[in-house]
Every structure is written in C-alpha cells, then in structure tokens.
Amino acid sequence: MKTVEEVYKLFDEVGCCSFATLDGAGGVDARTAHFFAFDEDGLYLRTMRVKPFYRQLKLGWLAVSAEHTAGRCVWDEDNMPHFQPGYMVRVAGSVRELTQAEVDAKAAANPLFNVAVYDIKKYPETVVFVLDRFHGELYDYDFNMVHRDHKILRERFAFGGDVFEEAGLSIDPNLCIACGACTEVCMHKAIFPTGDGAAFRILGERCDECGNCYHVCPAGAVRSKGC
C-alpha cells in the first residue's frame, strides 16, 4: 500500500491539481491548488481565512485529483484519441485546521513547512489544513500498450483509519459457468480462469470497470457496482 510520502510525491510531480470541496449549499466547488508538505499525520495545504476555500474546508471534506503524462492527448483523422502513457491519482477524505502552535512545531522539525511560515508572516490570514484521513487510487495507464501487454494498473490505498473499495468488477464463482464470453470482450486483459476449470476471475488492478463482461455474461455472474 502507498505511503503518505509516495502519495505526496505523485501529486508533487504534477504540481497544481484540482481540489474539490463541499460549497455548503448542496453543491461542490473546485479550484487549482497544491499540497506543500507531508508527514506521518497526512498531506498539508494552505489558504486564507477570508476565502470561500477556507469556509468550505471547515466543513471537513476534501477531494483532490491530478494527471501526469509525458504528452498531450492527440486525435487522429477518425477523431479517435491517442494517449501517451501516464498516471492519474486521486484522494478524498477529512481535513482539519492546524493551530499556529502546531504549525510552529512542525516547521521546527520539517523544512517543507518553511513556505507556510513565510506565508503566515507575509499574509497573516494564512492558515494550514491537513488531509489526515483519506482513501485514494493511483491509476497508471498505458492505453496503447507501449511499455507492457495490458492497459492499466490500479492501486488503491487508505490512510488514517480510512477504508477503500477494491478496484475492479468481480465474478461470483457460484454463478460462473466458465463459458469464457467475458474474456473475449475484455479490452484490458483482466480476466483469467481460476485454474480449476470451474470459473473465471477478474484482476481488479487491471479492470477499468467498463462493463463489457457484465454486458455479455449469460449467467449474470459479474457483479455490478452500479445499478
């Protein structure tokens, strides 16, 4: 499972990312921001008390997503997209505001907090929040299979006591009739026989949850995560 440092580095490689919050009026707001530090307590961001972002963060929930790729997506003459290999990363969970004493203590031990100390001196309404309980996913993609023989690798993780739902659809072995229809339509090379000849299984880390296997299964053995 990913460590907090590894998750931070994934976002830091991107730089500015999409930060989404509840807006307090039944909707969701978003803006571009970044994490500036990490430690054993979580991922850190900062804003000013006078901003809507502050009021929204005080509601206690934050989701962040980002994408990193070597080149932009291009479209061919048939308007089909061609993606360069890359990754997407996302987290969602609870946030809380740090006291000034907490910020000072962390700055004394962690040089990543120097930017927060500098900003607080320059902009006194600056405050620091920590995403301290969250779940997320690293979605590593190579849709054109440039570097490997399958399209995606998904890794889910959680921190601070949070939990996550396993990636991928699944097959009920009690319903599977081992006909192989699912393997024929799987675009992500994620479905394999179990080895006993009685059923097939889906590798969640390769599954894009596209629903092709669900659509063709004559026995209704593929479990949907939707309807």
# chains A, B, ... in the order shown; residues from 1 in each chain; ligands from 1
$ residues_around --residues "A:Cys176" --least-positions-apart "6" --cutoff "7 Å" --atoms "only C-alpha atoms" --output "ChimeraX atom specification"
/A:199,219,221
$ residues_around --residues "stretch 82-84 of chain A" --least-positions-apart "6" --cutoff "7 Å" --atoms "only C-alpha atoms" --output "list of chain:residue names"
A:Thr69, A:Ala70, A:Gly71, A:Arg72, A:Cys73, A:Val74, A:Trp75, A:Phe143
$ residues_around --residues "A:Thr21" --least-positions-apart "6" --cutoff "9 Å" --atoms "only C-alpha atoms" --output "PDB file with all heavy atoms, in the first residue's frame"
ATOM      1  N   GLY A  27     -23.894  21.873  -3.060  1.00  0.00           N
ATOM      2  CA  GLY A  27     -23.112  21.641  -4.258  1.00  0.00           C
ATOM      3  C   GLY A  27     -21.647  21.383  -3.952  1.00  0.00           C
ATOM      4  O   GLY A  27     -21.247  21.229  -2.794  1.00  0.00           O
ATOM      5  N   VAL A  28     -20.861  21.361  -5.007  1.00  0.00           N
ATOM      6  CA  VAL A  28     -19.422  21.131  -4.904  1.00  0.00           C
ATOM      7  C   VAL A  28     -18.703  22.250  -5.633  1.00  0.00           C
ATOM      8  O   VAL A  28     -19.128  22.682  -6.701  1.00  0.00           O
ATOM      9  CB  VAL A  28     -19.034  19.769  -5.527  1.00  0.00           C
ATOM     10  CG1 VAL A  28     -17.521  19.583  -5.516  1.00  0.00           C
ATOM     11  CG2 VAL A  28     -19.709  18.632  -4.776  1.00  0.00           C
ATOM     12  N   ASP A  29     -17.623  22.742  -5.047  1.00  0.00           N
ATOM     13  CA  ASP A  29     -16.793  23.768  -5.671  1.00  0.00           C
ATOM     14  C   ASP A  29     -15.417  23.173  -5.929  1.00  0.00           C
ATOM     15  O   ASP A  29     -15.027  22.182  -5.317  1.00  0.00           O
ATOM     16  CB  ASP A  29     -16.680  24.984  -4.761  1.00  0.00           C
ATOM     17  CG  ASP A  29     -16.399  26.263  -5.530  1.00  0.00           C
ATOM     18  OD1 ASP A  29     -16.137  26.181  -6.746  1.00  0.00           O
ATOM     19  OD2 ASP A  29     -16.435  27.345  -4.910  1.00  0.00           O
ATOM     20  N   ALA A  30     -14.665  23.767  -6.860  1.00  0.00           N
ATOM     21  CA  ALA A  30     -13.331  23.272  -7.177  1.00  0.00           C
ATOM     22  C   ALA A  30     -12.424  24.422  -7.558  1.00  0.00           C
ATOM     23  O   ALA A  30     -12.883  25.460  -8.037  1.00  0.00           O
ATOM     24  CB  ALA A  30     -13.394  22.254  -8.320  1.00  0.00           C
ATOM     25  N   ARG A  31     -11.132  24.215  -7.324  1.00  0.00           N
ATOM     26  CA  ARG A  31     -10.121  25.195  -7.715  1.00  0.00           C
ATOM     27  C   ARG A  31      -8.787  24.478  -7.864  1.00  0.00           C
ATOM     28  O   ARG A  31      -8.630  23.319  -7.486  1.00  0.00           O
ATOM     29  CB  ARG A  31      -9.970  26.334  -6.689  1.00  0.00           C
ATOM     30  CG  ARG A  31      -9.223  25.990  -5.429  1.00  0.00           C
ATOM     31  CD  ARG A  31     -10.043  25.333  -4.393  1.00  0.00           C
ATOM     32  NE  ARG A  31     -11.095  26.269  -3.988  1.00  0.00           N
ATOM     33  CZ  ARG A  31     -12.278  25.888  -3.570  1.00  0.00           C
ATOM     34  NH1 ARG A  31     -12.576  24.586  -3.506  1.00  0.00           N
ATOM     35  NH2 ARG A  31     -13.199  26.755  -3.211  1.00  0.00           N
ATOM     36  N   PHE A  53     -12.689  29.187   0.047  1.00  0.00           N
ATOM     37  CA  PHE A  53     -12.000  27.904   0.202  1.00  0.00           C
ATOM     38  C   PHE A  53     -11.852  27.559   1.681  1.00  0.00           C
ATOM     39  O   PHE A  53     -12.053  26.405   2.091  1.00  0.00           O
ATOM     40  CB  PHE A  53     -10.635  27.982  -0.479  1.00  0.00           C
ATOM     41  CG  PHE A  53      -9.916  26.665  -0.627  1.00  0.00           C
ATOM     42  CD1 PHE A  53     -10.597  25.449  -0.666  1.00  0.00           C
ATOM     43  CD2 PHE A  53      -8.529  26.633  -0.763  1.00  0.00           C
ATOM     44  CE1 PHE A  53      -9.925  24.245  -0.822  1.00  0.00           C
ATOM     45  CE2 PHE A  53      -7.843  25.435  -0.906  1.00  0.00           C
ATOM     46  CZ  PHE A  53      -8.543  24.238  -0.944  1.00  0.00           C
ATOM     47  N   GLN A  56     -15.193  26.519   3.129  1.00  0.00           N
ATOM     48  CA  GLN A  56     -15.554  25.195   2.638  1.00  0.00           C
ATOM     49  C   GLN A  56     -14.705  24.103   3.279  1.00  0.00           C
ATOM     50  O   GLN A  56     -15.210  23.024   3.620  1.00  0.00           O
ATOM     51  CB  GLN A  56     -15.433  25.175   1.115  1.00  0.00           C
ATOM     52  CG  GLN A  56     -16.455  26.079   0.432  1.00  0.00           C
ATOM     53  CD  GLN A  56     -16.145  26.337  -1.029  1.00  0.00           C
ATOM     54  OE1 GLN A  56     -15.196  25.769  -1.584  1.00  0.00           O
ATOM     55  NE2 GLN A  56     -16.922  27.187  -1.666  1.00  0.00           N
ATOM     56  N   LEU A  57     -13.423  24.357   3.463  1.00  0.00           N
ATOM     57  CA  LEU A  57     -12.567  23.373   4.125  1.00  0.00           C
ATOM     58  C   LEU A  57     -13.006  23.126   5.564  1.00  0.00           C
ATOM     59  O   LEU A  57     -12.865  22.010   6.084  1.00  0.00           O
ATOM     60  CB  LEU A  57     -11.106  23.840   4.110  1.00  0.00           C
ATOM     61  CG  LEU A  57     -10.377  23.744   2.767  1.00  0.00           C
ATOM     62  CD1 LEU A  57      -9.036  24.463   2.837  1.00  0.00           C
ATOM     63  CD2 LEU A  57     -10.172  22.289   2.355  1.00  0.00           C
ATOM     64  N   LEU A  59     -15.832  22.705   6.535  1.00  0.00           N
ATOM     65  CA  LEU A  59     -16.889  21.688   6.526  1.00  0.00           C
ATOM     66  C   LEU A  59     -16.295  20.294   6.699  1.00  0.00           C
ATOM     67  O   LEU A  59     -17.024  19.337   6.953  1.00  0.00           O
ATOM     68  CB  LEU A  59     -17.700  21.767   5.238  1.00  0.00           C
ATOM     69  CG  LEU A  59     -18.480  23.067   5.018  1.00  0.00           C
ATOM     70  CD1 LEU A  59     -19.137  23.072   3.644  1.00  0.00           C
ATOM     71  CD2 LEU A  59     -19.527  23.246   6.110  1.00  0.00           C
ATOM     72  N   GLY A  60     -14.968  20.189   6.506  1.00  0.00           N
ATOM     73  CA  GLY A  60     -14.282  18.956   6.879  1.00  0.00           C
ATOM     74  C   GLY A  60     -14.059  17.927   5.802  1.00  0.00           C
ATOM     75  O   GLY A  60     -13.651  16.799   6.107  1.00  0.00           O
ATOM     76  N   TRP A  61     -14.292  18.288   4.514  1.00  0.00           N
ATOM     77  CA  TRP A  61     -14.156  17.285   3.465  1.00  0.00           C
ATOM     78  C   TRP A  61     -13.385  17.864   2.293  1.00  0.00           C
ATOM     79  O   TRP A  61     -13.580  19.033   1.923  1.00  0.00           O
ATOM     80  CB  TRP A  61     -15.532  16.812   3.004  1.00  0.00           C
ATOM     81  CG  TRP A  61     -15.492  15.773   1.914  1.00  0.00           C
ATOM     82  CD1 TRP A  61     -15.401  14.423   2.066  1.00  0.00           C
ATOM     83  CD2 TRP A  61     -15.543  16.014   0.498  1.00  0.00           C
ATOM     84  NE1 TRP A  61     -15.382  13.802   0.836  1.00  0.00           N
ATOM     85  CE2 TRP A  61     -15.472  14.756  -0.141  1.00  0.00           C
ATOM     86  CE3 TRP A  61     -15.647  17.160  -0.282  1.00  0.00           C
ATOM     87  CZ2 TRP A  61     -15.497  14.615  -1.529  1.00  0.00           C
ATOM     88  CZ3 TRP A  61     -15.663  17.037  -1.660  1.00  0.00           C
ATOM     89  CH2 TRP A  61     -15.596  15.764  -2.279  1.00  0.00           C
ATOM     90  N   LEU A  62     -12.508  17.040   1.672  1.00  0.00           N
ATOM     91  CA  LEU A  62     -11.716  17.481   0.537  1.00  0.00           C
ATOM     92  C   LEU A  62     -11.452  16.299  -0.389  1.00  0.00           C
ATOM     93  O   LEU A  62     -11.185  15.183   0.064  1.00  0.00           O
ATOM     94  CB  LEU A  62     -10.372  18.048   1.020  1.00  0.00           C
ATOM     95  CG  LEU A  62      -9.356  18.439  -0.059  1.00  0.00           C
ATOM     96  CD1 LEU A  62      -9.844  19.639  -0.868  1.00  0.00           C
ATOM     97  CD2 LEU A  62      -7.997  18.736   0.571  1.00  0.00           C
ATOM     98  N   ALA A  63     -11.523  16.554  -1.702  1.00  0.00           N
ATOM     99  CA  ALA A  63     -11.130  15.573  -2.712  1.00  0.00           C
ATOM    100  C   ALA A  63     -10.152  16.245  -3.668  1.00  0.00           C
ATOM    101  O   ALA A  63     -10.343  17.401  -4.058  1.00  0.00           O
ATOM    102  CB  ALA A  63     -12.345  15.059  -3.480  1.00  0.00           C
ATOM    103  N   VAL A  64      -9.106  15.522  -4.035  1.00  0.00           N
ATOM    104  CA  VAL A  64      -8.062  16.072  -4.898  1.00  0.00           C
ATOM    105  C   VAL A  64      -7.761  15.072  -6.003  1.00  0.00           C
ATOM    106  O   VAL A  64      -7.681  13.860  -5.757  1.00  0.00           O
ATOM    107  CB  VAL A  64      -6.772  16.358  -4.100  1.00  0.00           C
ATOM    108  CG1 VAL A  64      -5.720  17.006  -4.987  1.00  0.00           C
ATOM    109  CG2 VAL A  64      -7.075  17.233  -2.887  1.00  0.00           C
TER     110      VAL A  64
END
$ select_by_dssp --residues "chain A" --states "helix (DSSP H, G or I)" --output "ChimeraX atom specification"
/A:4-14,52-57,100-109,111-122,181-185,212-216
$ closest_residue --among "A:Leu98, A:Val185, A:Ala37, A:Leu22" --to "A:Pro52" --atoms "only C-alpha atoms"
A:Leu22
$ residues_around --residues "stretch 144-161 of chain A" --least-positions-apart "5" --cutoff "6 Å" --atoms "only C-alpha atoms" --output "number ranges by chain"
A: 1, 133-139, 188-189, 205-206
$ select_by_dssp --residues "stretch 77-198 of chain A" --states "strand (DSSP E or B)" --output "ChimeraX atom specification"
/A:81-82,86-97,126-141,152-159,170-171,191-193
$ write_last_selection --atoms "N, CA and C atoms" --output "compact mmCIF listing (two decimals), in the first residue's frame"
# COMPACT_ATOMS: atom_id res chain seq x y z
N PRO A 81 -8.95 9.16 -29.92
CA PRO A 81 -7.88 9.70 -29.07
C PRO A 81 -6.70 8.74 -28.95
N HIS A 82 -5.50 9.32 -28.84
CA HIS A 82 -4.28 8.55 -28.61
C HIS A 82 -3.55 9.17 -27.41
N GLY A 86 0.89 7.49 -18.81
CA GLY A 86 0.91 8.41 -17.68
C GLY A 86 0.17 7.83 -16.49
N TYR A 87 -0.20 8.70 -15.57
CA TYR A 87 -0.98 8.24 -14.43
C TYR A 87 -1.94 9.31 -13.96
N MET A 88 -3.01 8.87 -13.33
CA MET A 88 -3.95 9.73 -12.62
C MET A 88 -3.92 9.31 -11.16
N VAL A 89 -4.07 10.29 -10.27
CA VAL A 89 -4.07 9.99 -8.84
C VAL A 89 -5.18 10.82 -8.19
N ARG A 90 -5.83 10.23 -7.22
CA ARG A 90 -6.92 10.93 -6.53
C ARG A 90 -6.95 10.50 -5.07
N VAL A 91 -7.40 11.44 -4.22
CA VAL A 91 -7.64 11.15 -2.80
C VAL A 91 -8.89 11.89 -2.37
N ALA A 92 -9.52 11.40 -1.34
CA ALA A 92 -10.68 12.07 -0.76
C ALA A 92 -10.77 11.68 0.71
N GLY A 93 -11.10 12.68 1.54
CA GLY A 93 -11.21 12.38 2.96
C GLY A 93 -11.45 13.61 3.81
N SER A 94 -11.09 13.52 5.08
CA SER A 94 -11.40 14.58 6.03
C SER A 94 -10.20 15.49 6.24
N VAL A 95 -10.49 16.78 6.45
CA VAL A 95 -9.45 17.77 6.70
C VAL A 95 -9.76 18.51 7.99
N ARG A 96 -8.69 19.03 8.61
CA ARG A 96 -8.86 19.86 9.79
C ARG A 96 -7.84 20.99 9.76
N GLU A 97 -8.15 22.09 10.43
CA GLU A 97 -7.26 23.24 10.50
C GLU A 97 -6.24 23.05 11.63
N THR A 126 -3.15 33.63 6.57
CA THR A 126 -2.84 32.30 6.05
C THR A 126 -3.04 31.25 7.14
N VAL A 127 -3.66 30.14 6.77
CA VAL A 127 -3.85 29.02 7.69
C VAL A 127 -3.46 27.72 6.98
N VAL A 128 -3.17 26.71 7.77
CA VAL A 128 -2.76 25.41 7.26
C VAL A 128 -3.81 24.37 7.62
N PHE A 129 -4.13 23.51 6.64
CA PHE A 129 -5.04 22.38 6.86
C PHE A 129 -4.27 21.09 6.57
N VAL A 130 -4.71 20.02 7.19
CA VAL A 130 -4.13 18.71 6.92
C VAL A 130 -5.24 17.74 6.50
N LEU A 131 -5.00 17.03 5.42
CA LEU A 131 -5.85 15.92 5.00
C LEU A 131 -5.34 14.71 5.77
N ASP A 132 -6.03 14.38 6.85
CA ASP A 132 -5.47 13.42 7.81
C ASP A 132 -6.13 12.05 7.80
N ARG A 133 -7.22 11.91 7.08
CA ARG A 133 -7.88 10.60 6.95
C ARG A 133 -8.45 10.53 5.54
N PHE A 134 -7.90 9.65 4.70
CA PHE A 134 -8.33 9.66 3.31
C PHE A 134 -8.13 8.29 2.66
N HIS A 135 -8.80 8.13 1.53
CA HIS A 135 -8.59 6.97 0.67
C HIS A 135 -8.33 7.48 -0.74
N GLY A 136 -7.76 6.65 -1.58
CA GLY A 136 -7.44 7.13 -2.91
C GLY A 136 -7.01 6.03 -3.84
N GLU A 137 -6.57 6.45 -5.04
CA GLU A 137 -6.17 5.49 -6.06
C GLU A 137 -5.10 6.08 -6.97
N LEU A 138 -4.13 5.25 -7.32
CA LEU A 138 -3.19 5.53 -8.40
C LEU A 138 -3.65 4.73 -9.60
N TYR A 139 -3.91 5.43 -10.71
CA TYR A 139 -4.39 4.81 -11.95
C TYR A 139 -3.31 5.01 -13.00
N ASP A 140 -2.47 4.00 -13.16
CA ASP A 140 -1.35 4.05 -14.09
C ASP A 140 -1.83 3.51 -15.44
N TYR A 141 -1.76 4.33 -16.47
CA TYR A 141 -2.31 3.90 -17.76
C TYR A 141 -1.28 3.89 -18.88
N ILE A 152 -3.84 -0.90 -18.06
CA ILE A 152 -3.84 -0.13 -16.81
C ILE A 152 -3.35 -0.97 -15.63
N LEU A 153 -2.89 -0.25 -14.61
CA LEU A 153 -2.60 -0.83 -13.30
C LEU A 153 -3.19 0.12 -12.27
N ARG A 154 -4.08 -0.39 -11.45
CA ARG A 154 -4.73 0.43 -10.44
C ARG A 154 -4.28 -0.03 -9.06
N GLU A 155 -3.97 0.94 -8.21
CA GLU A 155 -3.61 0.62 -6.82
C GLU A 155 -4.39 1.54 -5.91
N ARG A 156 -5.17 0.96 -5.02
CA ARG A 156 -5.94 1.75 -4.07
C ARG A 156 -5.28 1.71 -2.70
N PHE A 157 -5.53 2.74 -1.91
CA PHE A 157 -4.87 2.88 -0.62
C PHE A 157 -5.74 3.70 0.32
N ALA A 158 -5.40 3.66 1.60
CA ALA A 158 -6.11 4.44 2.61
C ALA A 158 -5.12 4.83 3.69
N PHE A 159 -5.46 5.91 4.42
CA PHE A 159 -4.57 6.44 5.45
C PHE A 159 -5.41 6.98 6.60
N SER A 170 -16.14 -7.97 -10.21
CA SER A 170 -15.84 -9.31 -9.72
C SER A 170 -16.85 -10.30 -10.28
N ILE A 171 -16.47 -11.57 -10.24
CA ILE A 171 -17.31 -12.65 -10.75
C ILE A 171 -17.71 -13.57 -9.61
N ILE A 191 -9.19 -10.64 -17.24
CA ILE A 191 -9.98 -11.80 -16.84
C ILE A 191 -9.25 -13.09 -17.19
N PHE A 192 -9.15 -13.98 -16.19
CA PHE A 192 -8.41 -15.22 -16.35
C PHE A 192 -9.17 -16.38 -15.69
N PRO A 193 -8.93 -17.62 -16.17
CA PRO A 193 -9.53 -18.77 -15.48
C PRO A 193 -8.93 -18.94 -14.10
$ residues_around --residues "stretch 109-119 of chain A" --least-positions-apart "2" --cutoff "10 Å" --atoms "only C-alpha atoms" --output "PyMOL selection string"
chain A and resi 36-39+44-48+100+103-107+121-128
$ atom_distance --atom1 "atom CA of A:Asn79" --atom2 "atom CA of A:Cys186"
22.7 Å
$ residues_around --residues "A:Phe11" --least-positions-apart "6" --cutoff "9 Å" --atoms "only C-alpha atoms" --output "PyMOL selection string"
chain A and resi 17+34-35+65-68+89-90
$ closest_residue --among "A:Leu10, A:Ala178, A:Leu169, A:Cys227" --to "A:Cys207" --atoms "only C-alpha atoms"
A:Leu169
$ atom_distance --atom1 "atom CA of A:Gly42" --atom2 "atom CA of A:Val14"
18.3 Å
